[in-house]
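Here the structure is laid out as structure tokens; the discussion comes afterwards.
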Amino acid sequence: MLLRTLRTNGLRRSLKYPNGDLYTLEANLMNKSLRELTDGADKDPITKLRLLCFSRGATGILGIGRAFRAMDDDGSKALNEQEFISGIRDTGLDVTDDEIREMFNTFDEDGSGSINMTEFLLKLRPPMPECRLGIIDQAFDKMDRDDDGVITVADLKSVYSVKEHPKYQSGEMSEDEILTDFLHNFEGGRGNLDGKITREEFINYYATISASIDNDLYFDLMMRRAYAM
């Protein structure tokens, strides 16, 4: 979840919106997804996995992505069937071995016996219309000041001021600590919190938030207010 006490362009930015704030949207999505996941109704295994991600909040897809990448020992950015089965088991998802193999075969479109990690995450995250992807890209580009494809603390220093953050004013946290904490919101609860946010991670984060918002105009308003666009 985003820090509410950062300031953009010298003005304090708030993530409160007409129908509730980002915290409420995320909490509602988590509760709704958990209910659907445990309601006993028949669901295909990919839907179950997506609901599990949603039940873990905006960073649920990120967390699974990082957990799977940690298994990629050879750096091929692909997983074989056994690695995929182990990864799904580690998530705690209640599915059978046959259902896991069904998922694997769905993701392994070319029948090569391996799954490309990027394609896996693209299929896992909920679909978004181009208008939403466009505003997410605009927000990322605004923060990626040096256009190197990742957002770092150095980028944020030229976009945000932390001078009104209460922990900065009290001396409890430094500027770098506050901005690093901001970046960690996008990285999920698992894996290496390296303080570098890729475009893919940024989009995956907001894909989950997007799933909790029905109206495209409202999503656009949320993003523009959050990033002063």
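Residue numbers start at 1 in each chain; chains themselves are named A, B, ... in the order of the structure tokens; ligands are numbered from 1 in the order shown.
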
I'd like the contact shell of Thr198 of chain A - 9 Å cut-off, only C-alpha atoms, skipping same-chain residues fewer than 2 positions apart - returned as a ChimeraX atom specification. /A:140,149-151,196,200-203

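Atom CA of Pro166 of chain A to atom CA of Thr152 of chain A spans 22.0 Å [interatomic distance, one decimal].
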
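Using only C-alpha atoms, the smallest distance between any of A:Met223, A:Ile88, A:Leu217, A:Leu122 and Gln138 of chain A comes from A:Met223.
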
With segment 206-210 of chain A as the partner and 9 Å as the cut-off, tabulate the residues of segment 72-168 of chain A that qualify, each row holding the nearest pair of atoms and their distance in Å to one decimal, using only C-alpha atoms, sorted by chain and rising number, as a Markdown table.
| residue | atom | partner | partner_atom | distance |
| --- | --- | --- | --- | --- |
| A:Arg125 | CA | A:Ala207 | CA | 6.4 |
| A:Pro126 | CA | A:Ala207 | CA | 6.3 |
| A:Pro127 | CA | A:Ala207 | CA | 7.7 |
| A:Met128 | CA | A:Ala207 | CA | 7.1 |
| A:Arg132 | CA | A:Ser210 | CA | 8.1 |
| A:Leu133 | CA | A:Ala207 | CA | 8.7 |
| A:Ile136 | CA | A:Tyr206 | CA | 7.4 |

Store the residues picked out above, limited to all heavy atoms, as a PDB file, in the first residue's frame.
ATOM      1  N   ARG A 125      -2.459 -12.540 -14.044  1.00  0.00           N
ATOM      2  CA  ARG A 125      -3.074 -11.283 -13.621  1.00  0.00           C
ATOM      3  C   ARG A 125      -4.371 -11.059 -14.388  1.00  0.00           C
ATOM      4  O   ARG A 125      -4.524 -11.506 -15.527  1.00  0.00           O
ATOM      5  CB  ARG A 125      -2.116 -10.118 -13.801  1.00  0.00           C
ATOM      6  CG  ARG A 125      -1.946  -9.622 -15.208  1.00  0.00           C
ATOM      7  CD  ARG A 125      -0.822  -8.599 -15.277  1.00  0.00           C
ATOM      8  NE  ARG A 125      -0.746  -7.981 -16.593  1.00  0.00           N
ATOM      9  CZ  ARG A 125       0.333  -7.384 -17.068  1.00  0.00           C
ATOM     10  NH1 ARG A 125       1.444  -7.339 -16.339  1.00  0.00           N
ATOM     11  NH2 ARG A 125       0.325  -6.834 -18.265  1.00  0.00           N
ATOM     12  N   PRO A 126      -5.334 -10.376 -13.777  1.00  0.00           N
ATOM     13  CA  PRO A 126      -6.618 -10.151 -14.445  1.00  0.00           C
ATOM     14  C   PRO A 126      -6.441  -9.257 -15.663  1.00  0.00           C
ATOM     15  O   PRO A 126      -5.584  -8.366 -15.669  1.00  0.00           O
ATOM     16  CB  PRO A 126      -7.461  -9.457 -13.366  1.00  0.00           C
ATOM     17  CG  PRO A 126      -6.462  -8.843 -12.437  1.00  0.00           C
ATOM     18  CD  PRO A 126      -5.288  -9.770 -12.433  1.00  0.00           C
ATOM     19  N   PRO A 127      -7.241  -9.482 -16.708  1.00  0.00           N
ATOM     20  CA  PRO A 127      -7.113  -8.645 -17.910  1.00  0.00           C
ATOM     21  C   PRO A 127      -7.521  -7.202 -17.617  1.00  0.00           C
ATOM     22  O   PRO A 127      -8.400  -6.942 -16.799  1.00  0.00           O
ATOM     23  CB  PRO A 127      -8.074  -9.310 -18.902  1.00  0.00           C
ATOM     24  CG  PRO A 127      -9.056 -10.052 -18.046  1.00  0.00           C
ATOM     25  CD  PRO A 127      -8.288 -10.510 -16.846  1.00  0.00           C
ATOM     26  N   MET A 128      -6.858  -6.264 -18.294  1.00  0.00           N
ATOM     27  CA  MET A 128      -7.184  -4.849 -18.130  1.00  0.00           C
ATOM     28  C   MET A 128      -7.348  -4.212 -19.503  1.00  0.00           C
ATOM     29  O   MET A 128      -6.620  -4.544 -20.436  1.00  0.00           O
ATOM     30  CB  MET A 128      -6.073  -4.114 -17.371  1.00  0.00           C
ATOM     31  CG  MET A 128      -5.997  -4.404 -15.898  1.00  0.00           C
ATOM     32  SD  MET A 128      -4.802  -3.315 -15.069  1.00  0.00           S
ATOM     33  CE  MET A 128      -3.253  -3.921 -15.776  1.00  0.00           C
ATOM     34  N   ARG A 132      -6.592   1.485 -18.997  1.00  0.00           N
ATOM     35  CA  ARG A 132      -5.992   1.310 -17.673  1.00  0.00           C
ATOM     36  C   ARG A 132      -4.493   1.051 -17.781  1.00  0.00           C
ATOM     37  O   ARG A 132      -3.703   1.593 -17.013  1.00  0.00           O
ATOM     38  CB  ARG A 132      -6.687   0.186 -16.906  1.00  0.00           C
ATOM     39  CG  ARG A 132      -8.154   0.467 -16.625  1.00  0.00           C
ATOM     40  CD  ARG A 132      -8.713  -0.460 -15.564  1.00  0.00           C
ATOM     41  NE  ARG A 132     -10.145  -0.255 -15.381  1.00  0.00           N
ATOM     42  CZ  ARG A 132     -10.855  -0.685 -14.349  1.00  0.00           C
ATOM     43  NH1 ARG A 132     -10.243  -1.380 -13.387  1.00  0.00           N
ATOM     44  NH2 ARG A 132     -12.152  -0.454 -14.254  1.00  0.00           N
ATOM     45  N   LEU A 133      -4.114   0.213 -18.727  1.00  0.00           N
ATOM     46  CA  LEU A 133      -2.689  -0.038 -18.929  1.00  0.00           C
ATOM     47  C   LEU A 133      -1.961   1.255 -19.301  1.00  0.00           C
ATOM     48  O   LEU A 133      -0.831   1.497 -18.867  1.00  0.00           O
ATOM     49  CB  LEU A 133      -2.494  -1.079 -20.031  1.00  0.00           C
ATOM     50  CG  LEU A 133      -2.820  -2.527 -19.661  1.00  0.00           C
ATOM     51  CD1 LEU A 133      -2.830  -3.402 -20.906  1.00  0.00           C
ATOM     52  CD2 LEU A 133      -1.819  -3.063 -18.642  1.00  0.00           C
ATOM     53  N   ILE A 136      -1.399   3.444 -16.173  1.00  0.00           N
ATOM     54  CA  ILE A 136      -0.369   2.815 -15.334  1.00  0.00           C
ATOM     55  C   ILE A 136       1.010   3.079 -15.928  1.00  0.00           C
ATOM     56  O   ILE A 136       1.956   3.412 -15.206  1.00  0.00           O
ATOM     57  CB  ILE A 136      -0.626   1.302 -15.192  1.00  0.00           C
ATOM     58  CG1 ILE A 136      -1.925   1.044 -14.407  1.00  0.00           C
ATOM     59  CG2 ILE A 136       0.550   0.617 -14.494  1.00  0.00           C
ATOM     60  CD1 ILE A 136      -2.370  -0.409 -14.413  1.00  0.00           C
TER      61      ILE A 136
END

List as a PDB file with N, CA, C and O atoms, in the first residue's frame the protein and nucleic acid residues near Phe186 of chain A, meaning an atom at most 10 Å away when only C-alpha atoms are counted, but skip any in the same chain fewer than 3 places from it.
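Final output, around.pdb:
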ATOM      1  N   MET A   1       0.832  -1.195   0.000  1.00  0.00           N
ATOM      2  CA  MET A   1       0.000   0.000   0.000  1.00  0.00           C
ATOM      3  C   MET A   1       0.865   1.243   0.000  1.00  0.00           C
ATOM      4  O   MET A   1       1.916   1.281   0.608  1.00  0.00           O
ATOM      5  N   LEU A   2       0.401   2.260  -0.696  1.00  0.00           N
ATOM      6  CA  LEU A   2       1.220   3.446  -0.884  1.00  0.00           C
ATOM      7  C   LEU A   2       1.247   4.311   0.352  1.00  0.00           C
ATOM      8  O   LEU A   2       0.273   4.407   1.100  1.00  0.00           O
ATOM      9  N   ALA A  58      -2.672  -6.563  -2.806  1.00  0.00           N
ATOM     10  CA  ALA A  58      -2.171  -6.027  -4.075  1.00  0.00           C
ATOM     11  C   ALA A  58      -0.843  -6.632  -4.493  1.00  0.00           C
ATOM     12  O   ALA A  58      -0.491  -6.610  -5.670  1.00  0.00           O
ATOM     13  N   THR A  59      -0.082  -7.146  -3.545  1.00  0.00           N
ATOM     14  CA  THR A  59       1.217  -7.728  -3.880  1.00  0.00           C
ATOM     15  C   THR A  59       1.170  -9.248  -3.993  1.00  0.00           C
ATOM     16  O   THR A  59       2.211  -9.896  -4.064  1.00  0.00           O
ATOM     17  N   LEU A  62       2.727 -10.417  -7.244  1.00  0.00           N
ATOM     18  CA  LEU A  62       4.166 -10.158  -7.159  1.00  0.00           C
ATOM     19  C   LEU A  62       4.859 -11.216  -6.320  1.00  0.00           C
ATOM     20  O   LEU A  62       5.932 -11.709  -6.674  1.00  0.00           O
ATOM     21  N   GLY A  63       4.237 -11.558  -5.177  1.00  0.00           N
ATOM     22  CA  GLY A  63       4.841 -12.537  -4.281  1.00  0.00           C
ATOM     23  C   GLY A  63       5.002 -13.886  -4.939  1.00  0.00           C
ATOM     24  O   GLY A  63       6.046 -14.542  -4.807  1.00  0.00           O
ATOM     25  N   ASP A 181      11.035   2.289   1.715  1.00  0.00           N
ATOM     26  CA  ASP A 181       9.815   1.692   2.250  1.00  0.00           C
ATOM     27  C   ASP A 181       8.674   1.829   1.236  1.00  0.00           C
ATOM     28  O   ASP A 181       7.872   0.914   1.047  1.00  0.00           O
ATOM     29  N   PHE A 182       8.614   2.977   0.581  1.00  0.00           N
ATOM     30  CA  PHE A 182       7.628   3.207  -0.473  1.00  0.00           C
ATOM     31  C   PHE A 182       7.772   2.173  -1.586  1.00  0.00           C
ATOM     32  O   PHE A 182       6.797   1.558  -2.025  1.00  0.00           O
ATOM     33  N   LEU A 183       8.999   1.943  -2.030  1.00  0.00           N
ATOM     34  CA  LEU A 183       9.240   0.991  -3.101  1.00  0.00           C
ATOM     35  C   LEU A 183       8.884  -0.433  -2.698  1.00  0.00           C
ATOM     36  O   LEU A 183       8.391  -1.219  -3.508  1.00  0.00           O
ATOM     37  N   GLY A 189       5.556  -9.563  -0.401  1.00  0.00           N
ATOM     38  CA  GLY A 189       6.077  -9.987   0.887  1.00  0.00           C
ATOM     39  C   GLY A 189       7.098 -11.100   0.812  1.00  0.00           C
ATOM     40  O   GLY A 189       7.644 -11.514   1.826  1.00  0.00           O
ATOM     41  N   LEU A 193      13.774  -8.052  -1.495  1.00  0.00           N
ATOM     42  CA  LEU A 193      13.319  -6.674  -1.574  1.00  0.00           C
ATOM     43  C   LEU A 193      14.511  -5.816  -1.996  1.00  0.00           C
ATOM     44  O   LEU A 193      15.233  -5.273  -1.168  1.00  0.00           O
ATOM     45  N   GLY A 195      14.581  -2.999  -3.730  1.00  0.00           N
ATOM     46  CA  GLY A 195      14.403  -1.559  -3.880  1.00  0.00           C
ATOM     47  C   GLY A 195      14.402  -1.095  -5.323  1.00  0.00           C
ATOM     48  O   GLY A 195      14.581   0.086  -5.598  1.00  0.00           O
ATOM     49  N   LYS A 196      14.171  -2.014  -6.256  1.00  0.00           N
ATOM     50  CA  LYS A 196      14.093  -1.673  -7.673  1.00  0.00           C
ATOM     51  C   LYS A 196      12.791  -2.228  -8.238  1.00  0.00           C
ATOM     52  O   LYS A 196      12.543  -3.428  -8.157  1.00  0.00           O
ATOM     53  N   ILE A 197      11.967  -1.339  -8.780  1.00  0.00           N
ATOM     54  CA  ILE A 197      10.663  -1.752  -9.276  1.00  0.00           C
ATOM     55  C   ILE A 197      10.668  -1.725 -10.796  1.00  0.00           C
ATOM     56  O   ILE A 197      10.883  -0.678 -11.413  1.00  0.00           O
ATOM     57  N   THR A 198      10.439  -2.880 -11.406  1.00  0.00           N
ATOM     58  CA  THR A 198      10.363  -2.951 -12.859  1.00  0.00           C
ATOM     59  C   THR A 198       8.963  -2.553 -13.316  1.00  0.00           C
ATOM     60  O   THR A 198       8.016  -2.508 -12.525  1.00  0.00           O
ATOM     61  N   GLU A 201       6.515  -5.347 -12.494  1.00  0.00           N
ATOM     62  CA  GLU A 201       6.084  -5.372 -11.097  1.00  0.00           C
ATOM     63  C   GLU A 201       5.055  -4.279 -10.825  1.00  0.00           C
ATOM     64  O   GLU A 201       4.076  -4.495 -10.110  1.00  0.00           O
ATOM     65  N   PHE A 202       5.276  -3.116 -11.389  1.00  0.00           N
ATOM     66  CA  PHE A 202       4.373  -1.985 -11.206  1.00  0.00           C
ATOM     67  C   PHE A 202       2.995  -2.304 -11.793  1.00  0.00           C
ATOM     68  O   PHE A 202       1.958  -2.072 -11.164  1.00  0.00           O
ATOM     69  N   ILE A 203       2.980  -2.875 -12.994  1.00  0.00           N
ATOM     70  CA  ILE A 203       1.713  -3.220 -13.637  1.00  0.00           C
ATOM     71  C   ILE A 203       1.008  -4.338 -12.876  1.00  0.00           C
ATOM     72  O   ILE A 203      -0.210  -4.299 -12.672  1.00  0.00           O
ATOM     73  N   ASN A 204       1.760  -5.341 -12.434  1.00  0.00           N
ATOM     74  CA  ASN A 204       1.148  -6.440 -11.683  1.00  0.00           C
ATOM     75  C   ASN A 204       0.495  -5.945 -10.397  1.00  0.00           C
ATOM     76  O   ASN A 204      -0.563  -6.433  -9.996  1.00  0.00           O
ATOM     77  N   TYR A 205       1.145  -4.999  -9.738  1.00  0.00           N
ATOM     78  CA  TYR A 205       0.579  -4.427  -8.511  1.00  0.00           C
ATOM     79  C   TYR A 205      -0.773  -3.788  -8.818  1.00  0.00           C
ATOM     80  O   TYR A 205      -1.771  -4.065  -8.157  1.00  0.00           O
ATOM     81  N   TYR A 206      -0.811  -2.950  -9.835  1.00  0.00           N
ATOM     82  CA  TYR A 206      -2.051  -2.238 -10.135  1.00  0.00           C
ATOM     83  C   TYR A 206      -3.080  -3.097 -10.853  1.00  0.00           C
ATOM     84  O   TYR A 206      -4.267  -2.765 -10.880  1.00  0.00           O
TER      85      TYR A 206
END

Considering only C-alpha atoms, return as a CSV table (one decimal) with C-alpha atoms, in the first residue's frame whatever protein or nucleic-acid residues lie within 9 Å of Asp97 of chain A, sequence-local ones (same chain, fewer than 4 positions apart) excluded.
chain,number,residue,atom,x,y,z
A,85,ILE,CA,4.3,-28.3,-9.1
A,101,ARG,CA,-0.8,-30.4,-14.4
A,102,GLU,CA,-3.8,-28.9,-16.1

Tell me which protein, DNA and RNA residues are within 10 Å of Thr118 of chain A, counting only C-alpha atoms, leaving out same-chain ones fewer than 4 positions away, and put them as a PyMOL selection string. chain A and resi 65+77-78+122-124+200

Any chance you can output those residues with N, CA, C and O atoms as a compact mmCIF listing (two decimals), in the first residue's frame?
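Written file, out_3.txt:
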# COMPACT_ATOMS: atom_id res chain seq x y z
N GLY A 65 5.13 -14.43 -8.19
CA GLY A 65 6.12 -14.28 -9.25
C GLY A 65 7.54 -14.37 -8.73
O GLY A 65 8.39 -15.05 -9.31
N LYS A 77 14.64 -18.11 -16.92
CA LYS A 77 13.33 -17.44 -16.84
C LYS A 77 12.20 -18.37 -17.28
O LYS A 77 11.20 -17.93 -17.83
N ALA A 78 12.39 -19.66 -17.02
CA ALA A 78 11.38 -20.66 -17.36
C ALA A 78 11.36 -21.72 -16.27
O ALA A 78 12.34 -21.95 -15.57
N LEU A 122 1.54 -12.83 -16.99
CA LEU A 122 0.57 -12.13 -17.84
C LEU A 122 -0.78 -12.84 -17.84
O LEU A 122 -1.83 -12.20 -17.82
N LYS A 123 -0.74 -14.17 -17.87
CA LYS A 123 -1.99 -14.93 -17.87
C LYS A 123 -2.63 -14.98 -16.48
O LYS A 123 -3.85 -15.12 -16.35
N LEU A 124 -1.81 -14.88 -15.46
CA LEU A 124 -2.33 -14.96 -14.10
C LEU A 124 -3.03 -13.68 -13.67
O LEU A 124 -4.06 -13.72 -13.01
N GLU A 200 7.04 -4.34 -15.10
CA GLU A 200 6.19 -5.52 -14.92
C GLU A 200 5.66 -5.60 -13.49
O GLU A 200 4.47 -5.85 -13.27

From the DSSP assignment of the backbone, select every residue of segment 45-227 of chain A that is strand (DSSP E or B), and format the answer as a list of chain:residue names. A:Ala78, A:Leu79, A:Asn80, A:Ser114, A:Ile115, A:Asn116, A:Val150, A:Ile151, A:Tyr160, A:Ser161, A:Ile197, A:Thr198

Show which residues sit within 12 Å of segment 38-43 of chain A, as a list of chain:residue names. Count only C-alpha atoms, and ignore same-chain residues fewer than 4 positions away.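 Returned residues: A:Asn31, A:Lys32, A:Ser33, A:Leu34, A:Thr47, A:Lys48, A:Leu49, A:Arg50, A:Leu51, A:Leu52, A:Ser55, A:Leu93, A:Asp94, A:Val95, A:Glu99.
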
Print the selection's residues with all heavy atoms to a file, as a compact mmCIF listing (two decimals), in the first residue's frame.
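For reference, part18.txt as written:
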# COMPACT_ATOMS: atom_id res chain seq x y z
N ASN A 31 -11.06 -9.79 1.08
CA ASN A 31 -12.15 -10.50 1.74
C ASN A 31 -13.05 -11.21 0.73
O ASN A 31 -13.45 -12.36 0.93
CB ASN A 31 -12.98 -9.53 2.59
CG ASN A 31 -12.20 -9.01 3.78
OD1 ASN A 31 -11.30 -9.68 4.29
ND2 ASN A 31 -12.53 -7.82 4.24
N LYS A 32 -13.38 -10.52 -0.36
CA LYS A 32 -14.23 -11.10 -1.40
C LYS A 32 -13.56 -12.32 -2.03
O LYS A 32 -14.20 -13.36 -2.24
CB LYS A 32 -14.54 -10.05 -2.46
CG LYS A 32 -15.41 -10.53 -3.62
CD LYS A 32 -15.74 -9.36 -4.54
CE LYS A 32 -16.61 -9.81 -5.70
NZ LYS A 32 -15.87 -10.66 -6.66
N SER A 33 -12.27 -12.20 -2.30
CA SER A 33 -11.55 -13.31 -2.94
C SER A 33 -11.44 -14.51 -2.02
O SER A 33 -11.58 -15.66 -2.47
CB SER A 33 -10.15 -12.84 -3.35
OG SER A 33 -10.22 -11.77 -4.26
N LEU A 34 -11.20 -14.26 -0.74
CA LEU A 34 -11.10 -15.36 0.21
C LEU A 34 -12.44 -16.09 0.33
O LEU A 34 -12.48 -17.33 0.40
CB LEU A 34 -10.66 -14.83 1.58
CG LEU A 34 -10.40 -15.89 2.65
CD1 LEU A 34 -9.31 -16.86 2.19
CD2 LEU A 34 -10.00 -15.23 3.96
N THR A 47 -8.32 -20.03 -11.93
CA THR A 47 -9.17 -19.10 -11.18
C THR A 47 -8.86 -19.20 -9.69
O THR A 47 -8.79 -18.18 -8.99
CB THR A 47 -10.66 -19.39 -11.43
OG1 THR A 47 -10.95 -19.18 -12.81
CG2 THR A 47 -11.54 -18.49 -10.58
N LYS A 48 -8.66 -20.42 -9.21
CA LYS A 48 -8.31 -20.61 -7.79
C LYS A 48 -6.99 -19.92 -7.46
O LYS A 48 -6.88 -19.26 -6.43
CB LYS A 48 -8.20 -22.11 -7.46
CG LYS A 48 -9.51 -22.87 -7.45
CD LYS A 48 -9.25 -24.33 -7.08
CE LYS A 48 -10.51 -25.17 -7.10
NZ LYS A 48 -10.22 -26.58 -6.76
N LEU A 49 -6.01 -20.08 -8.34
CA LEU A 49 -4.71 -19.46 -8.09
C LEU A 49 -4.82 -17.94 -8.10
O LEU A 49 -4.23 -17.25 -7.27
CB LEU A 49 -3.70 -19.93 -9.14
CG LEU A 49 -2.27 -19.40 -9.00
CD1 LEU A 49 -1.69 -19.78 -7.63
CD2 LEU A 49 -1.39 -19.91 -10.13
N ARG A 50 -5.60 -17.40 -9.04
CA ARG A 50 -5.79 -15.95 -9.10
C ARG A 50 -6.49 -15.44 -7.84
O ARG A 50 -6.11 -14.41 -7.29
CB ARG A 50 -6.58 -15.58 -10.36
CG ARG A 50 -6.71 -14.08 -10.59
CD ARG A 50 -7.45 -13.77 -11.87
NE ARG A 50 -6.69 -14.17 -13.03
CZ ARG A 50 -7.15 -14.95 -14.01
NH1 ARG A 50 -8.38 -15.45 -13.93
NH2 ARG A 50 -6.40 -15.25 -15.04
N LEU A 51 -7.50 -16.15 -7.38
CA LEU A 51 -8.21 -15.76 -6.15
C LEU A 51 -7.27 -15.81 -4.94
O LEU A 51 -7.35 -14.97 -4.05
CB LEU A 51 -9.42 -16.66 -5.92
CG LEU A 51 -10.63 -16.43 -6.83
CD1 LEU A 51 -11.67 -17.53 -6.62
CD2 LEU A 51 -11.25 -15.06 -6.59
N LEU A 52 -6.39 -16.82 -4.91
CA LEU A 52 -5.42 -16.90 -3.82
C LEU A 52 -4.53 -15.67 -3.83
O LEU A 52 -4.25 -15.09 -2.76
CB LEU A 52 -4.57 -18.17 -3.96
CG LEU A 52 -3.48 -18.35 -2.91
CD1 LEU A 52 -4.10 -18.61 -1.54
CD2 LEU A 52 -2.54 -19.49 -3.29
N SER A 55 -6.46 -12.74 -2.54
CA SER A 55 -6.73 -12.82 -1.09
C SER A 55 -5.53 -12.36 -0.28
O SER A 55 -5.64 -12.10 0.93
CB SER A 55 -7.12 -14.25 -0.70
OG SER A 55 -6.00 -15.12 -0.74
N LEU A 93 -2.09 -23.58 -2.09
CA LEU A 93 -3.35 -23.68 -2.83
C LEU A 93 -3.90 -25.10 -2.76
O LEU A 93 -3.16 -26.07 -2.95
CB LEU A 93 -3.11 -23.28 -4.29
CG LEU A 93 -4.36 -23.22 -5.19
CD1 LEU A 93 -5.29 -22.11 -4.74
CD2 LEU A 93 -3.95 -23.00 -6.64
N ASP A 94 -5.19 -25.21 -2.48
CA ASP A 94 -5.84 -26.50 -2.34
C ASP A 94 -6.24 -27.03 -3.71
O ASP A 94 -7.37 -26.82 -4.18
CB ASP A 94 -7.07 -26.37 -1.43
CG ASP A 94 -7.75 -27.71 -1.18
OD1 ASP A 94 -7.12 -28.76 -1.42
OD2 ASP A 94 -8.93 -27.71 -0.75
N VAL A 95 -5.33 -27.70 -4.39
CA VAL A 95 -5.58 -28.29 -5.69
C VAL A 95 -4.93 -29.66 -5.75
O VAL A 95 -3.99 -29.95 -5.01
CB VAL A 95 -5.02 -27.41 -6.85
CG1 VAL A 95 -5.86 -26.17 -7.06
CG2 VAL A 95 -3.57 -27.04 -6.59
N GLU A 99 -4.91 -31.16 -11.23
CA GLU A 99 -5.24 -29.76 -11.48
C GLU A 99 -3.98 -28.93 -11.72
O GLU A 99 -3.97 -28.02 -12.55
CB GLU A 99 -6.05 -29.18 -10.32
CG GLU A 99 -7.49 -29.67 -10.26
CD GLU A 99 -8.23 -29.12 -9.07
OE1 GLU A 99 -7.66 -29.11 -7.94
OE2 GLU A 99 -9.39 -28.69 -9.24

When DSSP is applied to the backbone of this structure, which of segment 65-221 of chain A are assigned alpha helix (DSSP H)? Write them out as a ChimeraX atom specification. /A:65-69,81-91,97-107,117-124,130-143,153-157,166-169,175-184,199-211,216-221

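As for atom CA of Arg145 of chain A and atom CA of Arg199 of chain A, they are spaced 13.0 Å apart.
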
Atom CA of Phe84 of chain A and atom CA of Phe104 of chain A are how many Å apart? 7.2 Å

Show me, as a list in words, the residues that have an atom within 10 Å of Ile213 of chain A when counting only C-alpha atoms, minus same-chain residues fewer than 6 positions from it.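 Here the qualifying residues turn out to be Leu25, Glu26, Leu29, Phe219 and Met222 of chain A.
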
Restricting it to all heavy atoms, dump the selection as a PDB file, in the first residue's frame.
ATOM      1  N   LEU A  25     -10.304  -0.470  -0.709  1.00  0.00           N
ATOM      2  CA  LEU A  25     -10.442  -1.248  -1.938  1.00  0.00           C
ATOM      3  C   LEU A  25      -9.694  -2.571  -1.841  1.00  0.00           C
ATOM      4  O   LEU A  25     -10.213  -3.626  -2.201  1.00  0.00           O
ATOM      5  CB  LEU A  25      -9.911  -0.439  -3.128  1.00  0.00           C
ATOM      6  CG  LEU A  25     -10.727   0.769  -3.572  1.00  0.00           C
ATOM      7  CD1 LEU A  25      -9.940   1.578  -4.594  1.00  0.00           C
ATOM      8  CD2 LEU A  25     -12.067   0.352  -4.142  1.00  0.00           C
ATOM      9  N   GLU A  26      -8.468  -2.497  -1.336  1.00  0.00           N
ATOM     10  CA  GLU A  26      -7.654  -3.703  -1.224  1.00  0.00           C
ATOM     11  C   GLU A  26      -8.252  -4.664  -0.210  1.00  0.00           C
ATOM     12  O   GLU A  26      -8.334  -5.881  -0.457  1.00  0.00           O
ATOM     13  CB  GLU A  26      -6.229  -3.337  -0.831  1.00  0.00           C
ATOM     14  CG  GLU A  26      -5.303  -4.537  -0.774  1.00  0.00           C
ATOM     15  CD  GLU A  26      -3.862  -4.158  -0.468  1.00  0.00           C
ATOM     16  OE1 GLU A  26      -3.617  -2.979  -0.137  1.00  0.00           O
ATOM     17  OE2 GLU A  26      -3.000  -5.035  -0.555  1.00  0.00           O
ATOM     18  N   LEU A  29     -11.285  -6.391  -1.672  1.00  0.00           N
ATOM     19  CA  LEU A  29     -10.897  -7.406  -2.653  1.00  0.00           C
ATOM     20  C   LEU A  29     -10.367  -8.657  -1.959  1.00  0.00           C
ATOM     21  O   LEU A  29     -10.699  -9.782  -2.342  1.00  0.00           O
ATOM     22  CB  LEU A  29      -9.833  -6.840  -3.595  1.00  0.00           C
ATOM     23  CG  LEU A  29      -9.299  -7.815  -4.646  1.00  0.00           C
ATOM     24  CD1 LEU A  29     -10.405  -8.217  -5.619  1.00  0.00           C
ATOM     25  CD2 LEU A  29      -8.121  -7.203  -5.409  1.00  0.00           C
ATOM     26  N   PHE A 219     -10.917   4.403 -12.010  1.00  0.00           N
ATOM     27  CA  PHE A 219      -9.536   3.924 -11.939  1.00  0.00           C
ATOM     28  C   PHE A 219      -8.581   4.999 -12.457  1.00  0.00           C
ATOM     29  O   PHE A 219      -7.526   5.254 -11.861  1.00  0.00           O
ATOM     30  CB  PHE A 219      -9.374   2.640 -12.769  1.00  0.00           C
ATOM     31  CG  PHE A 219      -8.002   2.038 -12.691  1.00  0.00           C
ATOM     32  CD1 PHE A 219      -7.642   1.218 -11.631  1.00  0.00           C
ATOM     33  CD2 PHE A 219      -7.056   2.308 -13.672  1.00  0.00           C
ATOM     34  CE1 PHE A 219      -6.366   0.676 -11.543  1.00  0.00           C
ATOM     35  CE2 PHE A 219      -5.779   1.772 -13.600  1.00  0.00           C
ATOM     36  CZ  PHE A 219      -5.440   0.951 -12.538  1.00  0.00           C
ATOM     37  N   MET A 222      -8.216   7.664  -9.852  1.00  0.00           N
ATOM     38  CA  MET A 222      -7.381   7.204  -8.751  1.00  0.00           C
ATOM     39  C   MET A 222      -5.904   7.354  -9.088  1.00  0.00           C
ATOM     40  O   MET A 222      -5.108   7.871  -8.301  1.00  0.00           O
ATOM     41  CB  MET A 222      -7.682   5.731  -8.452  1.00  0.00           C
ATOM     42  CG  MET A 222      -6.837   5.128  -7.342  1.00  0.00           C
ATOM     43  SD  MET A 222      -6.832   3.320  -7.356  1.00  0.00           S
ATOM     44  CE  MET A 222      -5.754   3.002  -8.764  1.00  0.00           C
TER      45      MET A 222
END
